$ cat target_12.csv   # CSV, C-alpha atoms
chain,number,residue,atom,x,y,z
A,137,MET,CA,27.6,17.5,8.9
A,138,ALA,CA,25.0,17.4,11.6
A,139,VAL,CA,22.6,15.0,9.8
A,140,ALA,CA,22.9,11.4,10.8
A,141,LYS,CA,25.0,9.2,8.4
A,142,LYS,CA,22.1,6.7,8.1
A,143,MET,CA,19.7,9.5,7.0
A,144,LEU,CA,22.3,10.7,4.5
A,145,GLN,CA,22.4,7.2,3.0
A,146,PHE,CA,18.6,7.1,3.0
A,147,MET,CA,18.4,10.5,1.3
A,148,GLU,CA,20.8,9.3,-1.4
A,149,SER,CA,18.9,6.2,-2.1
A,150,GLY,CA,15.5,7.8,-1.4
A,151,SER,CA,12.2,7.1,-3.0
A,152,TRP,CA,12.2,7.2,-6.8
A,153,ILE,CA,8.5,8.2,-6.5
A,154,ARG,CA,9.3,11.5,-4.9
A,155,LYS,CA,12.2,12.1,-7.3
A,156,MET,CA,10.0,11.6,-10.3
A,157,PHE,CA,7.2,13.7,-8.8
A,158,GLU,CA,9.7,16.6,-8.3
A,159,GLU,CA,11.0,16.2,-11.9
A,160,GLY,CA,7.4,16.4,-13.0
A,161,ALA,CA,6.9,19.7,-11.2
A,162,ARG,CA,10.1,21.0,-12.9
A,163,LEU,CA,8.9,20.0,-16.4
A,164,LYS,CA,5.5,21.5,-15.8
A,165,LYS,CA,7.0,24.9,-15.2
A,166,ILE,CA,8.9,24.6,-18.5
A,167,HIS,CA,6.3,23.1,-20.8
A,168,GLY,CA,2.9,23.6,-19.0
A,169,ASP,CA,0.7,21.1,-17.2
A,170,GLU,CA,-1.1,19.9,-20.2
A,171,LYS,CA,2.2,18.8,-22.0
A,172,VAL,CA,3.6,16.8,-19.1
A,173,PHE,CA,2.2,13.4,-18.4
A,174,ASP,CA,2.9,12.7,-14.8
A,175,PHE,CA,2.2,9.1,-13.6
A,176,SER,CA,4.7,9.2,-10.7
A,177,LEU,CA,2.5,9.5,-7.6
A,178,GLY,CA,-0.4,7.4,-6.5
A,179,ASN,CA,-2.5,10.4,-5.4
A,180,PRO,CA,-6.2,9.5,-6.0
A,181,ASN,CA,-7.8,11.9,-8.5
A,182,VAL,CA,-11.4,10.6,-8.0
A,183,PRO,CA,-13.2,12.9,-5.6
A,184,PRO,CA,-14.4,11.6,-2.3
A,185,PRO,CA,-18.1,10.5,-2.2
A,186,ASP,CA,-20.5,13.4,-1.5
A,187,LEU,CA,-21.4,11.9,1.8
A,188,VAL,CA,-17.9,12.5,3.1
A,189,LYS,CA,-18.4,16.2,3.0
A,190,ASP,CA,-21.9,16.1,4.3
A,191,LYS,CA,-21.1,14.0,7.3
A,192,LEU,CA,-18.0,16.0,8.1
A,193,LEU,CA,-20.1,19.2,8.1
A,194,GLU,CA,-22.6,17.5,10.4
A,195,ILE,CA,-19.9,16.6,12.9
A,196,ILE,CA,-18.4,20.1,12.9
A,197,LYS,CA,-21.7,21.8,13.3
A,198,LYS,CA,-22.6,19.8,16.4
A,199,ASP,CA,-19.7,21.3,18.3
A,200,ALA,CA,-20.3,18.8,21.1
A,201,PRO,CA,-18.2,18.9,24.3
A,202,GLY,CA,-14.9,17.1,23.8
A,203,LEU,CA,-15.1,17.2,20.1
A,204,HIS,CA,-11.4,17.8,19.8
A,205,ALA,CA,-10.3,16.3,23.1
A,206,TYR,CA,-7.6,13.6,23.8
A,207,MET,CA,-8.8,10.0,23.7
A,208,PRO,CA,-7.5,6.5,24.6
A,209,ASN,CA,-4.4,5.5,22.7
A,210,VAL,CA,-6.4,2.9,20.7
A,211,GLY,CA,-8.9,5.5,19.5
A,212,LEU,CA,-12.5,6.4,20.1
A,213,GLN,CA,-14.8,3.7,21.3
A,214,GLU,CA,-17.4,4.4,18.7
A,215,THR,CA,-14.8,4.3,15.9
A,216,ARG,CA,-13.4,1.0,16.9
A,217,SER,CA,-16.9,-0.4,17.4
A,218,ALA,CA,-18.0,0.7,13.9
A,219,VAL,CA,-14.9,-0.7,12.3
A,220,SER,CA,-15.1,-4.1,14.0
A,221,ALA,CA,-18.8,-4.4,13.2
A,222,TYR,CA,-18.2,-3.6,9.5
A,223,LEU,CA,-15.3,-6.1,9.3
A,224,CYS,CA,-17.5,-8.8,10.8
A,225,ARG,CA,-20.0,-8.2,8.0
A,226,GLU,CA,-17.5,-7.7,5.2
A,227,GLN,CA,-15.1,-10.5,5.9
A,228,CYS,CA,-17.5,-12.9,7.8
A,229,VAL,CA,-15.2,-13.1,10.9
A,230,SER,CA,-15.9,-12.7,14.6
A,231,LEU,CA,-14.1,-9.5,15.6
A,232,ALA,CA,-14.7,-7.2,18.6
A,233,GLU,CA,-14.0,-3.6,19.3
A,234,LYS,CA,-11.0,-4.6,21.4
A,235,HIS,CA,-9.2,-5.9,18.3
A,236,ILE,CA,-9.1,-2.5,16.6
A,237,ILE,CA,-6.6,0.3,17.0
A,238,ALA,CA,-7.2,3.6,15.1
A,239,THR,CA,-4.0,4.9,13.5
A,240,CYS,CA,-2.5,7.7,11.4
A,241,GLY,CA,-3.1,6.0,8.1
A,242,ALA,CA,-1.7,2.7,6.9
A,243,ALA,CA,1.8,4.0,7.4
A,244,GLY,CA,1.1,4.6,11.1
A,245,ALA,CA,-0.6,1.2,11.3
A,246,LEU,CA,2.4,-0.6,9.8
A,247,ASN,CA,4.9,1.3,12.0
A,248,ILE,CA,3.1,0.4,15.3
A,249,ILE,CA,2.9,-3.2,14.2
A,250,LEU,CA,6.6,-3.3,13.5
A,251,LYS,CA,7.3,-1.5,16.8
A,252,ALA,CA,5.2,-4.0,18.7
A,253,LEU,CA,6.7,-7.1,17.1
A,254,LEU,CA,10.3,-6.6,16.0
A,255,ASP,CA,13.3,-7.1,18.1
A,256,PRO,CA,16.7,-5.9,16.9
A,257,GLY,CA,17.9,-8.0,14.0
A,258,ASP,CA,14.5,-9.5,13.2
A,259,GLU,CA,13.6,-9.9,9.5
A,260,LEU,CA,10.6,-8.5,7.7
A,261,MET,CA,9.9,-10.6,4.6
A,262,VAL,CA,8.1,-9.1,1.7
A,263,PRO,CA,7.2,-10.4,-1.8
A,264,ALA,CA,8.9,-8.2,-4.5
A,265,PRO,CA,8.0,-5.9,-6.1
A,266,TYR,CA,7.0,-4.0,-3.0
A,267,PHE,CA,6.3,-0.5,-1.7
A,268,VAL,CA,9.7,1.1,-1.2
A,269,GLU,CA,8.9,2.6,2.2
A,270,TYR,CA,8.8,-0.9,3.8
A,271,GLY,CA,12.5,-1.0,4.1
A,272,PHE,CA,12.6,2.3,5.9
A,273,TYR,CA,9.8,1.1,8.3
A,274,ALA,CA,11.7,-2.0,9.1
A,275,ASP,CA,14.8,0.0,9.9
A,276,ASN,CA,12.8,2.3,12.1
A,277,HIS,CA,12.3,-0.5,14.5
A,278,GLY,CA,15.6,-2.4,14.4
A,279,GLY,CA,14.6,-4.9,11.7
A,280,THR,CA,15.9,-5.7,8.3
A,281,LEU,CA,13.9,-6.2,5.1
A,282,LYS,CA,14.2,-9.4,3.1
A,283,ALA,CA,12.6,-9.4,-0.4
A,284,VAL,CA,11.6,-12.6,-2.2
A,285,PRO,CA,10.7,-12.2,-5.9
A,286,THR,CA,7.2,-13.2,-7.1
A,287,ARG,CA,6.5,-15.1,-10.2
A,288,ASP,CA,6.3,-13.5,-13.7
A,289,ASP,CA,2.7,-12.6,-13.2
A,290,PHE,CA,3.5,-11.2,-9.7
A,291,THR,CA,1.7,-14.0,-7.9
A,292,LEU,CA,3.4,-15.4,-4.8
A,293,ASP,CA,6.3,-17.8,-5.3
A,294,LEU,CA,5.5,-19.9,-2.2
A,295,GLU,CA,8.4,-22.3,-2.7
A,296,ALA,CA,10.9,-19.4,-2.8
A,297,MET,CA,9.3,-17.9,0.3
A,298,GLU,CA,9.4,-21.1,2.2
A,299,ARG,CA,13.1,-21.5,1.4
A,300,GLU,CA,13.9,-18.0,2.5
A,301,ILE,CA,12.0,-18.0,5.8
A,302,GLY,CA,14.6,-18.5,8.5
A,303,PRO,CA,15.1,-18.2,12.3
A,304,LYS,CA,15.2,-14.4,12.1
A,305,THR,CA,12.0,-14.1,10.2
A,306,LYS,CA,9.4,-12.4,12.5
A,307,ILE,CA,6.9,-11.0,10.0
A,308,VAL,CA,5.8,-11.7,6.5
A,309,LEU,CA,4.2,-8.5,5.0
A,310,ILE,CA,1.9,-8.7,2.0
A,311,ASN,CA,0.2,-5.9,0.1
A,312,SER,CA,-2.9,-7.0,-1.8
A,313,PRO,CA,-3.9,-5.5,-4.2
A,314,ASN,CA,-0.3,-4.7,-4.6
A,315,ASN,CA,1.6,-1.5,-5.1
A,316,PRO,CA,3.2,-1.4,-7.7
A,317,THR,CA,1.7,-4.4,-9.7
A,318,GLY,CA,-2.0,-4.3,-8.9
A,319,GLN,CA,-1.9,-8.1,-8.3
A,320,ILE,CA,-4.3,-9.7,-5.8
A,321,TYR,CA,-3.0,-12.8,-4.0
A,322,SER,CA,-5.5,-15.7,-4.2
A,323,GLU,CA,-7.1,-17.2,-1.1
A,324,GLU,CA,-5.6,-20.6,-2.1
A,325,SER,CA,-2.0,-19.1,-2.1
A,326,LEU,CA,-2.6,-17.3,1.2
A,327,ARG,CA,-3.9,-20.5,2.9
A,328,GLU,CA,-0.8,-22.3,1.7
A,329,LEU,CA,1.3,-19.4,3.0
A,330,GLY,CA,-0.5,-19.8,6.3
A,331,ARG,CA,0.4,-23.5,6.5
A,332,ILE,CA,4.0,-22.7,5.7
A,333,LEU,CA,4.1,-20.1,8.5
A,334,GLU,CA,2.6,-22.6,10.9
A,335,ARG,CA,5.4,-25.1,10.1
A,336,LYS,CA,8.1,-22.5,10.3
A,337,SER,CA,6.9,-21.1,13.5
A,338,GLU,CA,6.9,-24.5,15.1
A,339,ALA,CA,10.4,-25.3,13.7
A,340,PHE,CA,12.0,-22.1,14.9
A,341,GLY,CA,10.2,-21.9,18.2
A,342,HIS,CA,8.6,-18.5,17.8
A,343,THR,CA,5.5,-17.1,16.1
A,344,ILE,CA,5.9,-15.7,12.6
A,345,TYR,CA,3.2,-13.1,12.0
A,346,LEU,CA,1.4,-12.4,8.7
A,347,VAL,CA,0.6,-8.8,8.2
A,348,SER,CA,-1.6,-7.6,5.3
A,349,ASP,CA,-1.3,-4.0,4.1
A,350,GLU,CA,-4.7,-3.3,2.6
A,351,PRO,CA,-5.4,0.3,1.6
A,352,TYR,CA,-6.5,-0.8,-1.9
A,353,ARG,CA,-8.9,-3.5,-0.7
A,354,LYS,CA,-11.9,-2.0,-2.3
A,355,ILE,CA,-10.2,-0.8,-5.5
A,356,VAL,CA,-10.7,-4.1,-7.4
A,357,TYR,CA,-11.9,-4.9,-10.9
A,358,ASP,CA,-13.6,-7.6,-12.9
A,359,SER,CA,-15.5,-9.2,-9.9
A,360,CYS,CA,-12.3,-9.8,-8.1
A,361,CYS,CA,-12.2,-9.8,-4.3
A,362,VAL,CA,-9.4,-9.7,-1.7
A,363,PRO,CA,-9.3,-12.7,0.7
A,364,CYS,CA,-9.6,-12.3,4.4
A,365,ILE,CA,-6.2,-13.2,5.9
A,366,PHE,CA,-7.8,-14.0,9.3
A,367,LYS,CA,-9.3,-17.1,7.6
A,368,CYS,CA,-5.9,-18.1,6.1
A,369,TYR,CA,-3.7,-17.8,9.2
A,370,ARG,CA,-4.3,-17.4,12.9
A,371,ASP,CA,-1.4,-15.1,13.8
A,372,SER,CA,-2.3,-12.3,11.5
A,373,LEU,CA,-2.9,-8.5,11.5
A,374,ILE,CA,-4.4,-6.0,9.0
A,375,GLY,CA,-3.0,-2.5,8.6
A,376,THR,CA,-5.0,-0.2,6.3
A,377,SER,CA,-6.4,3.2,5.7
A,378,TYR,CA,-9.2,5.1,4.0
A,379,SER,CA,-6.8,7.0,1.8
A,380,LYS,CA,-7.7,5.2,-1.4
A,381,ASP,CA,-11.3,3.9,-1.0
A,382,LEU,CA,-12.5,7.3,0.2
A,383,SER,CA,-9.9,9.5,-1.6
A,384,LEU,CA,-8.7,10.9,1.7
A,385,PRO,CA,-4.9,10.4,1.6
A,386,GLY,CA,-4.0,13.7,3.3
A,387,GLU,CA,-6.3,13.0,6.3
A,388,ARG,CA,-4.1,10.2,7.6
A,389,ILE,CA,-6.8,7.9,9.0
A,390,GLY,CA,-6.6,4.1,9.2
A,391,PHE,CA,-6.6,1.2,11.6
A,392,VAL,CA,-5.0,-2.0,12.7
A,393,ALA,CA,-7.1,-5.1,13.1
A,394,VAL,CA,-5.7,-8.0,15.2
A,395,SER,CA,-6.9,-11.5,14.5
A,396,PRO,CA,-9.0,-12.6,17.6
A,397,GLU,CA,-7.4,-16.1,17.2
A,398,ALA,CA,-3.8,-14.7,17.4
A,399,LYS,CA,-1.7,-16.0,20.3
A,400,ASP,CA,-1.6,-13.4,23.1
A,401,ALA,CA,-3.9,-11.1,21.2
A,402,SER,CA,-4.6,-9.1,24.2
A,403,SER,CA,-0.9,-8.4,24.9
A,404,LEU,CA,-0.4,-7.6,21.3
A,405,VAL,CA,-3.2,-5.0,21.4
A,406,ASP,CA,-1.6,-3.5,24.5
A,407,ALA,CA,1.8,-3.3,22.7
A,408,LEU,CA,0.2,-1.7,19.7
A,409,SER,CA,-1.6,0.8,21.9
A,410,LEU,CA,1.7,1.9,23.6
A,411,ALA,CA,3.4,2.1,20.2
A,412,ASN,CA,0.6,4.3,19.0
A,413,ARG,CA,1.6,6.9,21.6
A,414,ILE,CA,5.4,6.6,22.0
A,415,LEU,CA,6.1,6.8,18.2
A,416,GLY,CA,4.7,10.3,18.4
A,417,PHE,CA,1.5,9.6,16.4
A,418,VAL,CA,-0.5,9.7,19.8
A,419,ASN,CA,-3.8,9.3,18.1
A,420,ALA,CA,-5.4,9.2,14.7
A,421,PRO,CA,-7.0,12.6,13.9
A,422,VAL,CA,-10.2,12.9,16.0
A,423,LEU,CA,-12.4,14.5,13.3
A,424,MET,CA,-11.5,11.7,10.9
A,425,GLN,CA,-12.2,9.1,13.5
A,426,ARG,CA,-15.6,10.5,14.1
A,427,LEU,CA,-16.2,10.8,10.3
A,428,VAL,CA,-15.4,7.2,9.4
A,429,VAL,CA,-17.9,6.0,12.0
A,430,GLU,CA,-20.5,7.2,9.5
A,431,LEU,CA,-18.8,5.9,6.3
A,432,GLN,CA,-18.2,2.2,6.8
A,433,GLY,CA,-18.4,0.3,3.5
A,434,LEU,CA,-18.5,3.5,1.4
A,435,CYS,CA,-16.2,3.7,-1.6
A,436,VAL,CA,-15.4,5.9,-4.5
A,437,ASP,CA,-16.7,4.9,-7.9
A,438,VAL,CA,-14.2,2.2,-8.8
A,439,ASP,CA,-15.5,2.0,-12.4
A,440,ILE,CA,-13.7,5.3,-13.0
A,441,TYR,CA,-10.4,3.7,-12.2
A,442,LYS,CA,-11.3,0.6,-14.3
A,443,ARG,CA,-12.0,2.8,-17.3
A,444,LYS,CA,-8.6,4.5,-16.8
A,445,ARG,CA,-6.9,1.0,-16.5
A,446,ASP,CA,-8.5,-0.2,-19.7
A,447,ILE,CA,-7.5,2.9,-21.7
A,448,ILE,CA,-3.8,2.6,-20.7
A,449,VAL,CA,-3.7,-1.1,-21.0
A,450,LYS,CA,-5.0,-1.0,-24.6
A,451,GLY,CA,-2.8,1.9,-25.5
A,452,LEU,CA,0.4,0.3,-24.2
A,453,ARG,CA,-0.4,-3.1,-25.7
A,454,ASP,CA,-1.1,-1.5,-29.1
A,455,ALA,CA,2.3,0.2,-28.8
A,456,GLY,CA,4.0,-3.1,-28.2
A,457,TYR,CA,4.5,-3.2,-24.4
A,458,GLU,CA,4.3,-6.4,-22.4
A,459,LEU,CA,2.2,-6.2,-19.2
A,460,THR,CA,0.1,-8.1,-16.7
A,461,VAL,CA,-3.4,-6.5,-16.4
A,462,PRO,CA,-3.8,-5.4,-12.8
A,463,ALA,CA,-6.7,-6.9,-10.8
A,464,GLY,CA,-6.8,-4.0,-8.4
A,465,ALA,CA,-5.3,-0.7,-7.1
A,466,PHE,CA,-4.5,1.9,-9.7
A,467,TYR,CA,-1.0,0.9,-10.9
A,468,LEU,CA,0.4,-0.8,-14.0
A,469,PHE,CA,3.8,-2.4,-14.0
A,470,PRO,CA,4.8,-3.1,-17.6
A,471,LYS,CA,8.1,-4.7,-18.7
A,472,SER,CA,10.7,-2.2,-19.8
A,473,PRO,CA,11.7,-2.7,-23.4
A,474,LEU,CA,15.3,-2.1,-22.2
A,475,LYS,CA,16.9,-4.3,-19.6
A,476,ASP,CA,18.0,-1.1,-17.8
A,477,ASP,CA,14.6,0.2,-16.6
A,478,VAL,CA,16.2,3.5,-15.3
A,479,LYS,CA,17.6,4.1,-18.8
A,480,PHE,CA,14.2,3.5,-20.3
A,481,VAL,CA,12.4,5.8,-17.8
A,482,LYS,CA,14.8,8.5,-18.9
A,483,LEU,CA,13.7,7.9,-22.5
A,484,LEU,CA,10.1,8.5,-21.4
A,485,GLN,CA,11.2,11.6,-19.6
A,486,GLU,CA,12.3,13.0,-22.9
A,487,GLU,CA,8.7,12.5,-24.0
A,488,ASN,CA,7.6,14.4,-20.9
A,489,ILE,CA,6.2,11.2,-19.4
A,490,LEU,CA,7.0,10.6,-15.7
A,491,VAL,CA,6.9,7.0,-14.4
A,492,VAL,CA,8.9,5.3,-11.7
A,493,PRO,CA,11.6,2.7,-12.4
A,494,GLY,CA,10.8,-0.8,-11.2
A,495,SER,CA,14.2,-1.0,-9.5
A,496,GLY,CA,12.8,1.4,-6.9
A,497,PHE,CA,10.2,-1.3,-5.9
A,498,GLY,CA,12.6,-4.3,-6.0
A,499,GLY,CA,11.3,-5.1,-9.5
A,500,PRO,CA,14.0,-4.3,-12.0
A,501,GLY,CA,13.2,-4.5,-15.7
A,502,HIS,CA,9.8,-2.9,-15.2
A,503,PHE,CA,8.4,0.5,-14.5
A,504,ARG,CA,5.3,1.7,-12.6
A,505,ILE,CA,2.5,3.8,-14.0
A,506,ALA,CA,0.1,5.4,-11.5
A,507,TYR,CA,-3.0,5.8,-13.7
A,508,CYS,CA,-5.0,7.8,-11.1
A,509,VAL,CA,-4.9,10.8,-13.4
A,510,ASP,CA,-7.2,12.5,-15.8
A,511,ASP,CA,-8.3,10.4,-18.8
A,512,ARG,CA,-6.8,13.1,-21.1
A,513,THR,CA,-3.4,12.6,-19.5
A,514,ILE,CA,-3.5,8.9,-20.3
A,515,GLU,CA,-4.8,9.4,-23.8
A,516,ASN,CA,-2.4,12.2,-24.8
A,517,SER,CA,0.6,10.2,-23.4
A,518,ILE,CA,0.1,7.2,-25.7
A,519,PRO,CA,2.0,8.7,-28.7
A,520,GLY,CA,5.0,9.4,-26.4
A,521,PHE,CA,4.9,5.9,-25.0
A,522,ARG,CA,4.9,4.6,-28.6
A,523,ARG,CA,7.9,6.8,-29.6
A,524,ALA,CA,9.8,5.7,-26.6
A,525,MET,CA,9.2,2.1,-27.5
A,526,GLU,CA,10.5,2.7,-31.1
A,527,ARG,CA,13.6,4.4,-29.7
A,528,ALA,CA,14.2,1.5,-27.3
A,529,LYS,CA,14.0,-1.0,-30.2
A,530,SER,CA,16.6,1.0,-32.1
A,531,ILE,CA,18.9,1.0,-29.1
A,532,GLY,CA,18.5,-2.8,-28.7
$ encode --input "target_12.csv" --output "structure tokens"
Amino acid sequence: MAVAKKMLQFMESGSWIRKMFEEGARLKKIHGDEKVFDFSLGNPNVPPPDLVKDKLLEIIKKDAPGLHAYMPNVGLQETRSAVSAYLCREQCVSLAEKHIIATCGAAGALNIILKALLDPGDELMVPAPYFVEYGFYADNHGGTLKAVPTRDDFTLDLEAMEREIGPKTKIVLINSPNNPTGQIYSEESLRELGRILERKSEAFGHTIYLVSDEPYRKIVYDSCCVPCIFKCYRDSLIGTSYSKDLSLPGERIGFVAVSPEAKDASSLVDALSLANRILGFVNAPVLMQRLVVELQGLCVDVDIYKRKRDIIVKGLRDAGYELTVPAGAFYLFPKSPLKDDVKFVKLLQEENILVVPGSGFGGPGHFRIAYCVDDRTIENSIPGFRRAMERAKSIG
């Protein structure tokens, strides 16, 4: 076969998220949309704020010279300036335009970071559960992924992380609020992680970078907030997007922010700039770059997601499920009543409920629910969740 052996392996072990999404499409053809409860894909269902459309129309109607032209690898000057100014206000840090690179979403941001930092054989450490694509991203750039389990409530197990950091560790990648758990890592834990990385960097004679994947930063509940990693560790970078806070996942617009205190920050920005071109992304979409200049700090109505969270948390608890209430994002990661989470997910499929096994996120014994769906989907799924629980109890 012409397809590369590695790709065949990746396809075989590919993302459970997509597998369940495709299964949902099949079931909808058979039973109809209203009788299939698809929680497989984290696709925001809250519409973008009205200002998004208004500002986009303004930009298009101007039809200024160079509206669709090439630009520097790092992005438009006005975009980088607007982002840096906002981050200075939001996170109370001193950040300049030169520390920002516009990217094709958070995935593009993470890939240019890994391209810029990883040498062949370097390790990317992640707390588990984690977004499944991270392993593929590491492989893209010659690295390997090392997962370290979190505690029962999905907070960081710092002792375990310290034990597992070794001479090949180059990057520790965190995702907060986390996909799939919705957990937010506390400032205290991140400061301690920073101290661990300082000690390990000195011991191994090379910098270990802390990277924070933050597309859910503004999707938080109950007065929670996401700490600024630049205040927790000097050699850190942020990769993020506007996919979730503005409900623009298909527009592929995001950025990298480099801590101004990082060693060789200027060289790091240069490497990120080159990676932004040679990986084939070339630039973040120009209309989206112009758009986000006008939208710094704007966010969808998070209370809508909070309401959805509260409905499904109550429904599942009443049905006997054990779970940790998520502090952010729009995911729930309950315990599976069967040790084999894949087997339990199949029981849910028989109720026309589509969720993703926790094994797909490095969190076996759980399953992920993406509750960014209509309220009716959540409410009408609860009887099926209850029946699946009863069947699981009878199985033992």
$ residues_near_point --input "target_12.csv" --point "(-4.4, -18.5, 4.9)" --cutoff "9 Å" --atoms "all atoms listed in the file" --output "VMD selection string"
chain A and resid 323 to 331 363 to 370
$ closest_residue --input "target_12.csv" --among "A:Leu192, A:Val392, A:Ile237, A:Cys435" --to "Gln213 in chain A" --atoms "all atoms listed in the file"
A:Ile237
$ closest_residue --input "target_12.csv" --among "A:Leu309, A:Val422, A:Val449, A:Val481" --to "Ile195 in chain A" --atoms "all atoms listed in the file"
A:Val422
$ closest_residue --input "target_12.csv" --among "A:Asn412, A:Ile531, A:Arg445, A:Asn488" --to "Asn209 in chain A" --atoms "only C-alpha atoms"
A:Asn412
$ closest_atom_pairs --input "target_12.csv" --of "range 139-233 of chain A" --to "range 456-472 of chain A" --cutoff "10 Å" --atoms "all atoms listed in the file" --output "JSON lines"
{"residue": "A:Phe175", "atom": "CA", "partner": "A:Tyr467", "partner_atom": "CA", "distance": 9.2}
{"residue": "A:Leu177", "atom": "CA", "partner": "A:Tyr467", "partner_atom": "CA", "distance": 9.9}
{"residue": "A:Gly178", "atom": "CA", "partner": "A:Phe466", "partner_atom": "CA", "distance": 7.6}
{"residue": "A:Asn179", "atom": "CA", "partner": "A:Phe466", "partner_atom": "CA", "distance": 9.7}
{"residue": "A:Pro180", "atom": "CA", "partner": "A:Phe466", "partner_atom": "CA", "distance": 8.6}
$ write_last_selection --input "target_12.csv" --atoms "C-alpha atoms" --output "PDB file, keeping the file's coordinate frame"
ATOM      1  CA  PHE A 175       2.200   9.100 -13.600  1.00  0.00           C
ATOM      2  CA  LEU A 177       2.500   9.500  -7.600  1.00  0.00           C
ATOM      3  CA  GLY A 178      -0.400   7.400  -6.500  1.00  0.00           C
ATOM      4  CA  ASN A 179      -2.500  10.400  -5.400  1.00  0.00           C
ATOM      5  CA  PRO A 180      -6.200   9.500  -6.000  1.00  0.00           C
TER       6      PRO A 180
END
$ residues_around --input "target_12.csv" --residues "range 298-301 of chain A" --least-positions-apart "2" --cutoff "12 Å" --atoms "all atoms listed in the file" --output "number ranges by chain"
A: 258-263, 281-285, 292-296, 303-308, 328-337, 339-340, 344-345
$ closest_residue --input "target_12.csv" --among "A:Tyr270, A:Val210, A:Leu483, A:Pro265" --to "Ala238 in chain A" --atoms "only C-alpha atoms"
A:Val210
$ atom_distance --input "target_12.csv" --atom1 "CA of Ile248 in chain A" --atom2 "CA of Ala407 in chain A"
8.4 Å
$ atom_distance --input "target_12.csv" --atom1 "CA of Gly302 in chain A" --atom2 "CA of Gly318 in chain A"
27.9 Å
$ residues_around --input "target_12.csv" --residues "Pro184 in chain A" --least-positions-apart "6" --cutoff "9 Å" --atoms "all atoms listed in the file" --output "ChimeraX atom specification"
/A:381-384,435-436
$ residues_near_point --input "target_12.csv" --point "(-17.9, -2.1, 8.6)" --cutoff "10 Å" --atoms "all atoms listed in the file" --output "short mmCIF file (atom, residue, chain, number, x, y, z; two decimals) with C-alpha atoms, in the coordinates of the input"
data_model
loop_
_atom_site.label_atom_id
_atom_site.label_comp_id
_atom_site.auth_asym_id
_atom_site.auth_seq_id
_atom_site.Cartn_x
_atom_site.Cartn_y
_atom_site.Cartn_z
CA ARG A 216 -13.40 1.00 16.90
CA SER A 217 -16.90 -0.40 17.40
CA ALA A 218 -18.00 0.70 13.90
CA VAL A 219 -14.90 -0.70 12.30
CA SER A 220 -15.10 -4.10 14.00
CA ALA A 221 -18.80 -4.40 13.20
CA TYR A 222 -18.20 -3.60 9.50
CA LEU A 223 -15.30 -6.10 9.30
CA CYS A 224 -17.50 -8.80 10.80
CA ARG A 225 -20.00 -8.20 8.00
CA GLU A 226 -17.50 -7.70 5.20
CA GLN A 227 -15.10 -10.50 5.90
CA VAL A 428 -15.40 7.20 9.40
CA VAL A 429 -17.90 6.00 12.00
CA GLU A 430 -20.50 7.20 9.50
CA LEU A 431 -18.80 5.90 6.30
CA GLN A 432 -18.20 2.20 6.80
CA GLY A 433 -18.40 0.30 3.50
CA LEU A 434 -18.50 3.50 1.40
#
$ decode --input "target_12.csv" --residues "range 304-314 of chain A" --atoms "N, CA and C atoms" --output "PDB file, in the first residue's frame"
ATOM      1  N   LYS A 304      15.373  13.830  28.958  1.00  0.00           N
ATOM      2  CA  LYS A 304      14.811  14.035  27.617  1.00  0.00           C
ATOM      3  C   LYS A 304      13.597  14.967  27.623  1.00  0.00           C
ATOM      4  N   THR A 305      13.129  15.343  28.820  1.00  0.00           N
ATOM      5  CA  THR A 305      11.961  16.218  28.891  1.00  0.00           C
ATOM      6  C   THR A 305      12.330  17.607  28.387  1.00  0.00           C
ATOM      7  N   LYS A 306      11.625  18.078  27.383  1.00  0.00           N
ATOM      8  CA  LYS A 306      11.882  19.413  26.828  1.00  0.00           C
ATOM      9  C   LYS A 306      10.726  20.361  27.084  1.00  0.00           C
ATOM     10  N   ILE A 307       9.511  19.813  27.108  1.00  0.00           N
ATOM     11  CA  ILE A 307       8.322  20.641  27.273  1.00  0.00           C
ATOM     12  C   ILE A 307       7.342  19.939  28.212  1.00  0.00           C
ATOM     13  N   VAL A 308       6.745  20.712  29.116  1.00  0.00           N
ATOM     14  CA  VAL A 308       5.580  20.258  29.863  1.00  0.00           C
ATOM     15  C   VAL A 308       4.396  21.054  29.324  1.00  0.00           C
ATOM     16  N   LEU A 309       3.403  20.338  28.811  1.00  0.00           N
ATOM     17  CA  LEU A 309       2.243  20.966  28.186  1.00  0.00           C
ATOM     18  C   LEU A 309       1.020  20.771  29.074  1.00  0.00           C
ATOM     19  N   ILE A 310       0.414  21.877  29.476  1.00  0.00           N
ATOM     20  CA  ILE A 310      -0.811  21.819  30.265  1.00  0.00           C
ATOM     21  C   ILE A 310      -1.963  22.409  29.451  1.00  0.00           C
ATOM     22  N   ASN A 311      -3.172  22.036  29.810  1.00  0.00           N
ATOM     23  CA  ASN A 311      -4.382  22.499  29.134  1.00  0.00           C
ATOM     24  C   ASN A 311      -5.388  22.830  30.221  1.00  0.00           C
ATOM     25  N   SER A 312      -5.613  24.132  30.442  1.00  0.00           N
ATOM     26  CA  SER A 312      -6.437  24.564  31.569  1.00  0.00           C
ATOM     27  C   SER A 312      -7.261  25.785  31.151  1.00  0.00           C
ATOM     28  N   PRO A 313      -8.616  25.693  31.258  1.00  0.00           N
ATOM     29  CA  PRO A 313      -9.429  24.538  31.624  1.00  0.00           C
ATOM     30  C   PRO A 313      -9.172  23.361  30.688  1.00  0.00           C
ATOM     31  N   ASN A 314      -9.280  22.187  31.268  1.00  0.00           N
ATOM     32  CA  ASN A 314      -8.813  20.986  30.591  1.00  0.00           C
ATOM     33  C   ASN A 314      -9.887  20.339  29.728  1.00  0.00           C
TER      34      ASN A 314
END
